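File shown: my_file29.csv (CSV, C-alpha atoms).
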```csv
chain,number,residue,atom,x,y,z
A,1226,MET,CA,0.7,-29.3,-62.2
A,1227,TRP,CA,-2.9,-28.1,-61.8
A,1228,PHE,CA,-3.2,-28.8,-58.1
A,1229,ILE,CA,-0.4,-26.5,-56.9
A,1230,LEU,CA,-2.4,-23.3,-56.8
A,1231,PRO,CA,-5.3,-24.9,-54.8
A,1232,ILE,CA,-2.8,-26.3,-52.3
A,1233,ILE,CA,-1.2,-22.8,-52.0
A,1234,GLY,CA,-4.7,-21.5,-51.4
A,1235,LEU,CA,-5.3,-24.1,-48.7
A,1236,ILE,CA,-2.1,-23.1,-46.9
A,1237,LEU,CA,-3.0,-19.5,-47.2
A,1238,GLY,CA,-6.4,-20.2,-45.7
A,1239,ILE,CA,-4.9,-22.1,-42.8
A,1240,TYR,CA,-2.4,-19.3,-42.2
A,1241,LEU,CA,-5.3,-16.7,-42.2
A,1242,GLY,CA,-7.5,-18.9,-40.0
A,1243,SER,CA,-4.8,-19.5,-37.4
A,1244,ASN,CA,-3.7,-15.9,-37.2
A,1245,ILE,CA,-7.1,-14.3,-36.9
A,1246,THR,CA,-7.8,-12.9,-33.4
A,1247,PHE,CA,-11.5,-12.8,-33.8
A,1248,GLN,CA,-13.4,-14.6,-31.0
A,1249,LEU,CA,-16.5,-16.5,-32.0
A,1250,PRO,CA,-19.4,-16.5,-29.5
A,1251,ALA,CA,-20.0,-20.0,-28.1
A,1252,ILE,CA,-23.4,-20.5,-29.7
A,1253,TYR,CA,-22.0,-20.3,-33.2
A,1254,ILE,CA,-19.4,-23.0,-32.8
A,1255,LYS,CA,-21.9,-25.6,-34.0
A,1256,TYR,CA,-22.5,-23.6,-37.2
A,1257,MET,CA,-18.8,-23.3,-37.7
A,1258,SER,CA,-18.4,-27.1,-37.7
A,1259,ILE,CA,-21.0,-27.4,-40.4
A,1260,ALA,CA,-19.2,-24.8,-42.4
A,1261,VAL,CA,-16.0,-26.8,-42.2
A,1262,LEU,CA,-17.8,-29.9,-43.4
A,1263,ALA,CA,-19.5,-28.0,-46.3
A,1264,SER,CA,-16.2,-26.5,-47.5
A,1265,LEU,CA,-14.4,-29.9,-47.3
A,1266,ASP,CA,-17.3,-31.4,-49.2
A,1267,SER,CA,-16.9,-28.7,-51.9
A,1268,VAL,CA,-13.2,-29.3,-52.2
A,1269,PHE,CA,-13.6,-33.0,-52.7
A,1270,GLY,CA,-16.5,-32.5,-55.0
A,1271,GLY,CA,-14.4,-30.1,-57.1
A,1272,ILE,CA,-11.5,-32.5,-57.3
A,1273,LYS,CA,-13.8,-35.2,-58.4
A,1274,ALA,CA,-15.3,-33.0,-61.1
A,1275,VAL,CA,-11.8,-32.1,-62.4
A,1276,LEU,CA,-10.9,-35.8,-62.6
A,1277,LYS,CA,-14.2,-36.6,-64.4
A,1278,ASN,CA,-13.7,-33.6,-66.8
A,1279,ASN,CA,-17.1,-32.1,-66.0
A,1280,PHE,CA,-15.9,-29.2,-63.8
A,1281,ASP,CA,-18.0,-26.1,-63.7
A,1282,GLY,CA,-16.8,-23.2,-61.4
A,1283,THR,CA,-20.3,-21.6,-61.0
A,1284,ILE,CA,-21.8,-24.9,-60.0
A,1285,LEU,CA,-19.0,-25.6,-57.5
A,1286,LEU,CA,-19.2,-22.1,-55.8
A,1287,SER,CA,-23.0,-21.9,-55.8
A,1288,GLY,CA,-23.2,-25.4,-54.5
A,1289,PHE,CA,-20.8,-24.5,-51.7
A,1290,PHE,CA,-22.8,-21.5,-50.6
A,1291,THR,CA,-26.2,-23.0,-50.9
A,1292,ASN,CA,-25.1,-26.2,-49.1
A,1293,ALA,CA,-23.6,-24.2,-46.2
A,1294,LEU,CA,-26.6,-21.9,-46.0
A,1295,LEU,CA,-29.1,-24.8,-46.0
A,1296,ALA,CA,-27.0,-26.6,-43.3
A,1297,ALA,CA,-26.9,-23.5,-41.2
A,1298,LEU,CA,-30.7,-23.0,-41.6
A,1299,LEU,CA,-31.2,-26.7,-40.6
A,1300,ALA,CA,-29.1,-26.2,-37.5
A,1301,TYR,CA,-30.9,-23.0,-36.6
A,1302,LEU,CA,-34.3,-24.7,-37.1
A,1303,GLY,CA,-33.1,-27.6,-35.0
A,1304,ASP,CA,-32.1,-25.2,-32.2
A,1305,ARG,CA,-35.5,-23.6,-32.2
A,1306,LEU,CA,-37.4,-26.9,-32.3
A,1307,GLY,CA,-35.2,-28.7,-29.8
A,1308,VAL,CA,-34.2,-31.4,-32.4
A,1309,ASP,CA,-30.6,-31.8,-33.2
A,1310,LEU,CA,-31.2,-31.3,-37.0
A,1311,TYR,CA,-27.6,-30.3,-37.6
A,1312,TYR,CA,-26.7,-34.0,-37.3
A,1313,ALA,CA,-28.6,-34.5,-40.5
A,1314,ALA,CA,-26.3,-31.9,-42.2
A,1315,ILE,CA,-23.2,-33.5,-40.7
A,1316,PHE,CA,-24.4,-37.0,-41.9
A,1317,ALA,CA,-25.2,-35.8,-45.4
A,1318,PHE,CA,-21.8,-34.0,-45.8
A,1319,GLY,CA,-19.9,-36.9,-44.3
A,1320,VAL,CA,-21.5,-39.4,-46.7
A,1321,ARG,CA,-20.8,-37.1,-49.7
A,1322,ILE,CA,-17.2,-36.6,-48.6
A,1323,PHE,CA,-16.7,-40.4,-48.5
A,1324,GLN,CA,-18.4,-40.9,-51.8
A,1325,ASN,CA,-16.3,-38.2,-53.5
A,1326,LEU,CA,-13.2,-39.6,-52.0
A,1327,ALA,CA,-14.1,-43.1,-53.2
A,1328,THR,CA,-14.7,-41.8,-56.8
A,1329,ILE,CA,-11.4,-39.9,-56.7
A,1330,ARG,CA,-9.6,-43.0,-55.6
A,1331,HIS,CA,-11.1,-45.2,-58.3
A,1332,HIS,CA,-10.2,-42.6,-60.9
A,1333,VAL,CA,-6.6,-42.2,-59.8
A,1334,ILE,CA,-6.0,-45.9,-59.5
A,1335,THR,CA,-7.5,-46.7,-62.9
A,1336,ASN,CA,-5.5,-43.9,-64.4
A,1337,LEU,CA,-2.3,-45.2,-62.9
A,1338,ARG,CA,-3.0,-48.7,-64.2
A,1339,GLN,CA,-3.8,-47.5,-67.7
A,1340,ARG,CA,-0.5,-45.6,-67.7
A,1341,LYS,CA,1.5,-48.6,-66.5
A,1342,ALA,CA,-0.2,-50.8,-69.1
A,1343,LEU,CA,0.6,-48.2,-71.8
A,1344,ALA,CA,4.2,-48.0,-70.7
A,1345,ARG,CA,4.5,-51.8,-70.7
A,1346,GLY,CA,2.9,-51.9,-74.1
A,1347,GLU,CA,5.4,-49.4,-75.5
A,1348,LYS,CA,8.3,-51.4,-74.0
A,1349,ASN,CA,7.1,-54.6,-75.6
A,1350,GLU,CA,6.9,-53.0,-79.0
B,980,MET,CA,-4.6,-21.5,-67.0
B,981,ARG,CA,-7.4,-24.0,-66.9
B,982,LYS,CA,-10.9,-22.9,-66.0
B,983,PHE,CA,-11.2,-24.9,-62.8
B,984,ILE,CA,-8.1,-23.6,-61.0
B,985,LEU,CA,-9.6,-20.3,-59.8
B,986,PRO,CA,-12.9,-21.6,-58.3
B,987,LEU,CA,-11.1,-24.6,-56.7
B,988,THR,CA,-8.5,-22.2,-55.2
B,989,ILE,CA,-11.2,-20.0,-53.7
B,990,VAL,CA,-12.9,-23.0,-52.2
B,991,CYS,CA,-9.6,-24.3,-50.9
B,992,ILE,CA,-8.8,-20.9,-49.2
B,993,ILE,CA,-12.2,-20.9,-47.5
B,994,SER,CA,-11.9,-24.5,-46.5
B,995,GLY,CA,-8.4,-24.0,-45.0
B,996,PHE,CA,-9.6,-20.9,-43.2
B,997,PHE,CA,-12.5,-22.7,-41.7
B,998,LEU,CA,-10.4,-25.7,-40.7
B,999,ALA,CA,-7.7,-23.7,-39.0
B,1000,PHE,CA,-10.3,-21.4,-37.3
B,1001,GLN,CA,-12.3,-24.3,-36.0
B,1002,PHE,CA,-9.1,-26.1,-34.8
B,1003,LYS,CA,-8.1,-23.0,-33.0
B,1004,ILE,CA,-11.5,-22.6,-31.3
B,1005,GLN,CA,-11.5,-26.2,-30.2
B,1006,THR,CA,-8.0,-26.1,-28.7
B,1007,ASN,CA,-8.8,-22.8,-27.0
B,1008,THR,CA,-11.9,-24.0,-25.4
B,1009,THR,CA,-11.4,-27.6,-24.7
B,1010,SER,CA,-13.2,-27.4,-21.4
B,1011,PHE,CA,-15.9,-25.1,-22.7
B,1012,ASP,CA,-19.4,-25.4,-21.4
B,1013,ALA,CA,-22.4,-23.2,-21.1
B,1014,VAL,CA,-22.0,-22.9,-17.4
B,1015,SER,CA,-18.6,-21.1,-17.6
B,1016,GLN,CA,-20.1,-18.7,-20.2
B,1017,LYS,CA,-22.9,-18.0,-17.9
B,1018,ASN,CA,-20.4,-17.5,-15.0
B,1019,ALA,CA,-18.4,-15.0,-17.1
B,1020,ASN,CA,-21.6,-13.0,-17.5
B,1021,LEU,CA,-22.3,-13.2,-13.8
B,1022,ILE,CA,-18.8,-12.1,-13.0
B,1023,ASN,CA,-19.3,-9.0,-15.2
B,1024,VAL,CA,-22.5,-8.2,-13.4
B,1025,ILE,CA,-20.8,-8.6,-10.0
B,1026,GLN,CA,-17.9,-6.5,-11.0
B,1027,SER,CA,-20.1,-3.7,-12.3
B,1028,LEU,CA,-22.2,-3.8,-9.1
B,1029,GLU,CA,-19.1,-3.7,-7.0
B,1030,GLN,CA,-17.9,-0.6,-8.9
B,1031,GLU,CA,-21.2,1.0,-8.2
B,1032,ILE,CA,-21.0,0.1,-4.5
B,1033,GLU,CA,-17.5,1.6,-4.4
B,1034,SER,CA,-18.6,4.9,-6.0
B,1035,GLN,CA,-21.5,5.1,-3.6
B,1036,GLU,CA,-19.3,4.4,-0.6
B,1037,ASP,CA,-17.1,7.3,-1.8
B,1038,GLN,CA,-20.2,9.4,-1.9
B,1039,ILE,CA,-21.1,8.5,1.7
B,1040,ALA,CA,-17.5,9.3,2.8
B,1041,ALA,CA,-17.7,12.7,1.1
B,1042,MET,CA,-21.1,13.5,2.7
B,1043,ARG,CA,-19.7,12.4,6.1
B,1044,ASN,CA,-16.7,14.7,5.7
B,1045,GLN,CA,-19.1,17.6,4.8
B,1046,LEU,CA,-21.2,16.8,7.9
B,1047,ASN,CA,-18.0,16.8,10.0
B,1048,GLU,CA,-17.0,20.2,8.7
B,1049,ILE,CA,-20.4,21.6,9.5
B,1050,GLN,CA,-20.4,20.1,13.0
B,1051,ASN,CA,-16.9,21.6,13.6
B,1052,GLN,CA,-17.8,25.0,12.5
B,1053,ASN,CA,-19.9,26.3,15.5
B,1054,ASN,CA,-17.8,25.1,18.5
B,1055,ARG,CA,-18.8,27.7,21.1
B,1056,GLY,CA,-20.0,27.2,24.7
B,1057,LYS,CA,-22.2,24.3,25.4
B,1058,LEU,CA,-21.8,22.9,21.9
B,1059,GLN,CA,-18.2,21.9,22.7
B,1060,ASP,CA,-19.2,19.2,25.2
B,1061,LEU,CA,-21.8,17.9,22.8
B,1062,GLN,CA,-19.2,17.8,20.0
B,1063,GLN,CA,-16.7,15.9,22.1
B,1064,GLU,CA,-19.4,13.4,22.9
B,1065,LEU,CA,-20.2,13.1,19.2
B,1066,ILE,CA,-16.6,12.4,18.3
B,1067,ARG,CA,-16.4,9.7,21.0
B,1068,ALA,CA,-19.6,8.2,19.7
B,1069,LYS,CA,-18.2,8.2,16.2
B,1070,ILE,CA,-15.0,6.5,17.2
B,1071,ASN,CA,-17.1,3.9,19.0
B,1072,ALA,CA,-19.3,3.4,16.0
B,1073,GLY,CA,-16.2,3.1,13.7
B,1074,LEU,CA,-17.1,6.1,11.6
B,1075,THR,CA,-13.6,7.7,11.8
B,1076,SER,CA,-10.3,6.3,10.9
B,1077,VAL,CA,-8.2,5.8,14.0
B,1078,ILE,CA,-4.5,5.6,14.7
B,1079,GLY,CA,-2.7,3.9,17.6
B,1080,LYS,CA,-0.4,1.1,18.5
B,1081,GLY,CA,-1.5,-2.4,17.8
B,1082,ILE,CA,-0.8,-5.6,16.0
B,1083,VAL,CA,-1.1,-6.8,12.4
B,1084,ILE,CA,-1.8,-10.5,11.7
B,1085,THR,CA,-1.3,-11.7,8.2
B,1086,LEU,CA,-2.7,-15.1,7.2
B,1087,ASP,CA,-2.6,-17.0,3.9
B,1088,ASP,CA,-3.7,-20.3,2.5
B,1089,ASN,CA,-1.2,-23.1,3.1
B,1090,LYS,CA,-0.3,-23.5,-0.6
B,1091,GLU,CA,2.9,-25.4,0.0
B,1092,GLY,CA,1.1,-27.9,2.1
B,1093,LEU,CA,-1.6,-28.4,-0.7
B,1094,ASN,CA,1.1,-28.7,-3.4
B,1095,ALA,CA,2.9,-31.3,-1.3
B,1096,ALA,CA,-0.3,-33.3,-0.9
B,1097,PRO,CA,-2.4,-32.6,-4.0
B,1098,ASN,CA,-4.7,-35.5,-3.4
B,1099,ASP,CA,-5.7,-34.4,0.0
B,1100,ASP,CA,-8.8,-32.4,0.8
B,1101,PRO,CA,-8.0,-28.8,-0.1
B,1102,ASN,CA,-10.3,-27.6,2.7
B,1103,LYS,CA,-7.6,-28.5,5.1
B,1104,TYR,CA,-5.2,-26.0,3.6
B,1105,ILE,CA,-7.3,-22.9,3.1
B,1106,ILE,CA,-8.2,-20.1,5.5
B,1107,HIS,CA,-11.9,-20.4,6.4
B,1108,TYR,CA,-14.1,-17.7,7.7
B,1109,GLU,CA,-14.2,-19.3,11.1
B,1110,HIS,CA,-10.5,-18.8,11.5
B,1111,ILE,CA,-10.9,-15.1,10.9
B,1112,LEU,CA,-14.0,-15.0,13.1
B,1113,ASN,CA,-12.2,-16.7,16.0
B,1114,LEU,CA,-9.1,-14.5,15.6
B,1115,VAL,CA,-11.2,-11.4,15.7
B,1116,ASN,CA,-13.1,-12.7,18.7
B,1117,GLU,CA,-9.9,-13.4,20.5
B,1118,LEU,CA,-8.5,-9.9,19.6
B,1119,LYS,CA,-11.7,-8.4,21.1
B,1120,ILE,CA,-11.1,-10.5,24.3
B,1121,GLY,CA,-7.6,-9.1,24.3
B,1122,GLY,CA,-9.0,-5.6,24.4
B,1123,ALA,CA,-8.9,-4.6,20.8
B,1124,GLU,CA,-10.4,-1.2,20.3
B,1125,ALA,CA,-10.6,-1.1,16.5
B,1126,ILE,CA,-10.2,-4.0,14.1
B,1127,SER,CA,-10.1,-4.1,10.3
B,1128,VAL,CA,-9.7,-7.1,8.0
B,1129,ASN,CA,-8.2,-6.3,4.6
B,1130,GLY,CA,-9.2,-2.7,5.1
B,1131,GLN,CA,-12.8,-3.4,6.1
B,1132,ARG,CA,-13.5,-1.8,9.4
B,1133,LEU,CA,-15.4,-4.1,11.7
B,1134,ILE,CA,-18.4,-2.3,13.4
B,1135,THR,CA,-21.4,-3.6,15.3
B,1136,THR,CA,-23.2,-4.7,12.2
B,1137,SER,CA,-20.2,-6.2,10.4
B,1138,GLU,CA,-20.6,-9.8,9.3
B,1139,ILE,CA,-17.8,-12.3,8.6
B,1140,ARG,CA,-19.4,-14.9,6.3
B,1141,CYS,CA,-18.3,-17.6,4.0
B,1142,VAL,CA,-19.3,-17.2,0.3
B,1143,GLY,CA,-17.7,-20.1,-1.6
B,1144,ASN,CA,-14.0,-19.5,-1.9
B,1145,LEU,CA,-14.2,-15.9,-0.7
B,1146,ILE,CA,-15.2,-14.3,2.6
B,1147,LEU,CA,-17.7,-11.5,2.9
B,1148,ILE,CA,-17.1,-8.7,5.3
B,1149,ASN,CA,-19.2,-5.5,5.3
B,1150,MET,CA,-20.8,-7.0,2.2
B,1151,SER,CA,-17.4,-6.8,0.4
B,1152,ARG,CA,-15.6,-9.8,-0.9
B,1153,ILE,CA,-12.3,-10.5,0.7
B,1154,ALA,CA,-9.7,-12.9,-0.7
B,1155,PRO,CA,-6.5,-14.2,0.8
B,1156,PRO,CA,-4.0,-13.1,2.0
B,1157,PHE,CA,-5.9,-11.8,5.0
B,1158,VAL,CA,-4.5,-8.9,6.9
B,1159,ILE,CA,-6.1,-8.4,10.3
B,1160,SER,CA,-5.2,-5.1,12.0
B,1161,ALA,CA,-6.2,-4.3,15.5
B,1162,ILE,CA,-5.5,-1.3,17.7
B,1163,GLY,CA,-5.1,-1.9,21.4
B,1164,SER,CA,-2.6,-3.2,23.8
B,1165,PRO,CA,-0.3,-5.4,21.7
B,1166,LYS,CA,0.8,-7.5,24.7
B,1167,LEU,CA,-2.7,-8.3,25.8
B,1168,MET,CA,-3.9,-9.0,22.3
B,1169,LEU,CA,-0.9,-11.2,21.5
B,1170,GLU,CA,-1.5,-13.2,24.7
B,1171,SER,CA,-5.1,-13.6,23.8
B,1172,VAL,CA,-4.6,-14.8,20.2
B,1173,SER,CA,-1.6,-17.0,20.9
B,1174,MET,CA,-3.5,-19.1,23.3
B,1175,GLY,CA,-6.2,-20.0,20.8
B,1176,GLN,CA,-6.8,-19.9,17.1
B,1177,LEU,CA,-3.3,-18.5,16.2
B,1178,GLU,CA,-1.6,-21.5,17.7
B,1179,LEU,CA,-4.0,-23.9,16.0
B,1180,LEU,CA,-3.3,-22.3,12.6
B,1181,LYS,CA,0.5,-22.3,13.2
B,1182,SER,CA,0.5,-25.9,14.1
B,1183,ALA,CA,-1.4,-26.6,10.9
B,1184,GLN,CA,1.5,-24.9,9.1
B,1185,TYR,CA,-0.4,-22.0,7.6
B,1186,PRO,CA,2.0,-19.1,6.7
B,1187,ILE,CA,1.3,-16.6,9.4
B,1188,THR,CA,3.1,-13.4,10.4
B,1189,VAL,CA,2.4,-11.3,13.5
B,1190,GLU,CA,3.8,-7.8,13.7
B,1191,GLU,CA,3.6,-5.3,16.5
B,1192,LYS,CA,3.2,-1.7,15.3
B,1193,GLU,CA,3.7,1.6,17.1
B,1194,GLU,CA,1.5,3.5,14.7
B,1195,LEU,CA,-1.2,1.6,13.0
B,1196,ILE,CA,-4.0,3.3,11.0
B,1197,ILE,CA,-7.4,1.6,10.7
B,1198,PRO,CA,-9.7,3.1,8.2
B,1199,ALA,CA,-13.3,4.3,8.8
B,1200,TYR,CA,-16.3,2.2,8.0
B,1201,LYS,CA,-17.3,3.1,4.5
B,1202,GLY,CA,-20.7,1.4,4.2
B,1203,GLU,CA,-24.2,2.6,5.0
B,1204,LEU,CA,-25.5,2.8,8.6
B,1205,GLN,CA,-29.3,2.8,8.8
B,1206,PHE,CA,-31.4,1.9,11.8
B,1207,ASN,CA,-34.9,1.3,10.7
B,1208,SER,CA,-36.3,-0.7,13.6
B,1209,ALA,CA,-34.1,0.3,16.5
B,1210,VAL,CA,-34.8,3.7,18.1
B,1211,SER,CA,-33.2,5.1,21.2
B,1212,GLN,CA,-35.2,4.4,24.3
```

Turn the structure described in the file into structure tokens.
Amino acid sequence: MWFILPIIGLILGIYLGSNITFQLPAIYIKYMSIAVLASLDSVFGGIKAVLKNNFDGTILLSGFFTNALLAALLAYLGDRLGVDLYYAAIFAFGVRIFQNLATIRHHVITNLRQRKALARGEKNE
Amino acid sequence: MRKFILPLTIVCIISGFFLAFQFKIQTNTTSFDAVSQKNANLINVIQSLEQEIESQEDQIAAMRNQLNEIQNQNNRGKLQDLQQELIRAKINAGLTSVIGKGIVITLDDNKEGLNAAPNDDPNKYIIHYEHILNLVNELKIGGAEAISVNGQRLITTSEIRCVGNLILINMSRIAPPFVISAIGSPKLMLESVSMGQLELLKSAQYPITVEEKEELIIPAYKGELQFNSAVSQ
């Protein structure tokens, strides 16, 4: 069961996040929401890569950090310029999350069908 | 252990952390807006300024005590008359704490009334500065010789002024419950107030108590006293 350790990690992260007493200044809440989206995007991207058998840890982690940094930079630039550029980051991450989810769904369903078909085939023989 | 488990776990930990943290922030500050943040800063500024005022008032009080000591030192001959006059003038000006019989009126907002009618205009249930102003005025008519509201001695330059949901007296912010102490003839003062504002407030069901006291202490005025334009003629 390869997904147990990541799930334990997720629970550990939630536990840490809900127990931390650190107060974030109000201006950074916007950046925080982008970070949430970037990390979610990385999680789904990672699962997709695992299912497609082209997983690379370095690419996943570097992608996560550069994406988050770029998004934060965009949000900061938008703040300076008076344009809500962070919507662009939210939009991009949102679209990617949906695409990754769609790929994962396709993969899982086709896998299940193949297994069923195989099982039926074995029975018939 | 397959190679993807460790990076995926790391990303999952970070993601869970961010999710929970963001969730906590959002639930903590559902009604968050920039104005309240600014208000918090302003409150800090006000509080630090008030502390400064307090320490400076203490300094003024210490200096006045010192001055009193010096004035009391050489009490020989002619000076004695002058000194007595000085003490009288100080009592009149409200620069000494005074003791005597008098009354204490305690007022508070009509919270029960407001709770019973939450949709009603809350202005009808809180104590306004006019109420205090009228009460003080009536106490003066009743012959009050020294008056303080929540420990703020009223002198000739004292203001009673509305500042939002607080009242400003001697430039100090005063909040309910309001305790008005007055030294003078309790009978006369009671008669004076009970014919006017006090009855109105009682009929509006504000929680009010009036006490007669044999020994009432009213503190001295703590603020500054400076006459820049007025000179004695």

Item to complete: Pull out every residue of chain A that has at least one atom within 10 Å of chain B, counting only C-alpha atoms, and report them as a PyMOL selection string.
Response: chain A and resi 1227-1252+1254-1255+1257-1272+1274-1275+1278-1286+1289

Fill in: Nearest residue to Val1128 (chain B) from the set B:Ile1082, B:Ala1041, B:Ile1111, B:Ala1209 (distances using all atoms listed in the file)
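Looking only at the distances to Val1128 (chain B), the closest residue turns out to be B:Ile1111.
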
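Separating CA of Ala1040 (chain B) from CA of Gln1205 (chain B) is a distance of 14.7 Å.
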
Item to complete: Give me, please, the distance in Å between CA of Lys1273 (chain A) and CA of Leu1326 (chain A), quoted to one decimal.
Response: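 Distance between the two atoms: 7.8 Å.
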
Discussion item. My list of candidates is B:Ala1161, B:Glu1170, B:Asn1071, B:Pro1156. Which is closest to Leu1086 (chain B) when distances are computed with only C-alpha atoms?
Written reply: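 Smallest distance to Leu1086 (chain B) is found for B:Pro1156.
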
Discussion item. One number please: CA of Val1077 (chain B) to CA of Val1115 (chain B), in Å, one decimal.
Written reply: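 These two atoms are separated by 17.5 Å.
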
Item to complete: May I have the protein, DNA and RNA residues with an atom at most 9 Å from (-31.1, -30.1, -37.2), counting all atoms listed in the file in the file's coordinates, returned as a list in words?
Response: Ala1296, Ala1297, Leu1298, Leu1299, Ala1300, Tyr1301, Leu1302, Gly1303, Asp1304, Leu1306, Gly1307, Val1308, Asp1309, Leu1310, Tyr1311, Tyr1312, Ala1313 and Ala1314 of chain A
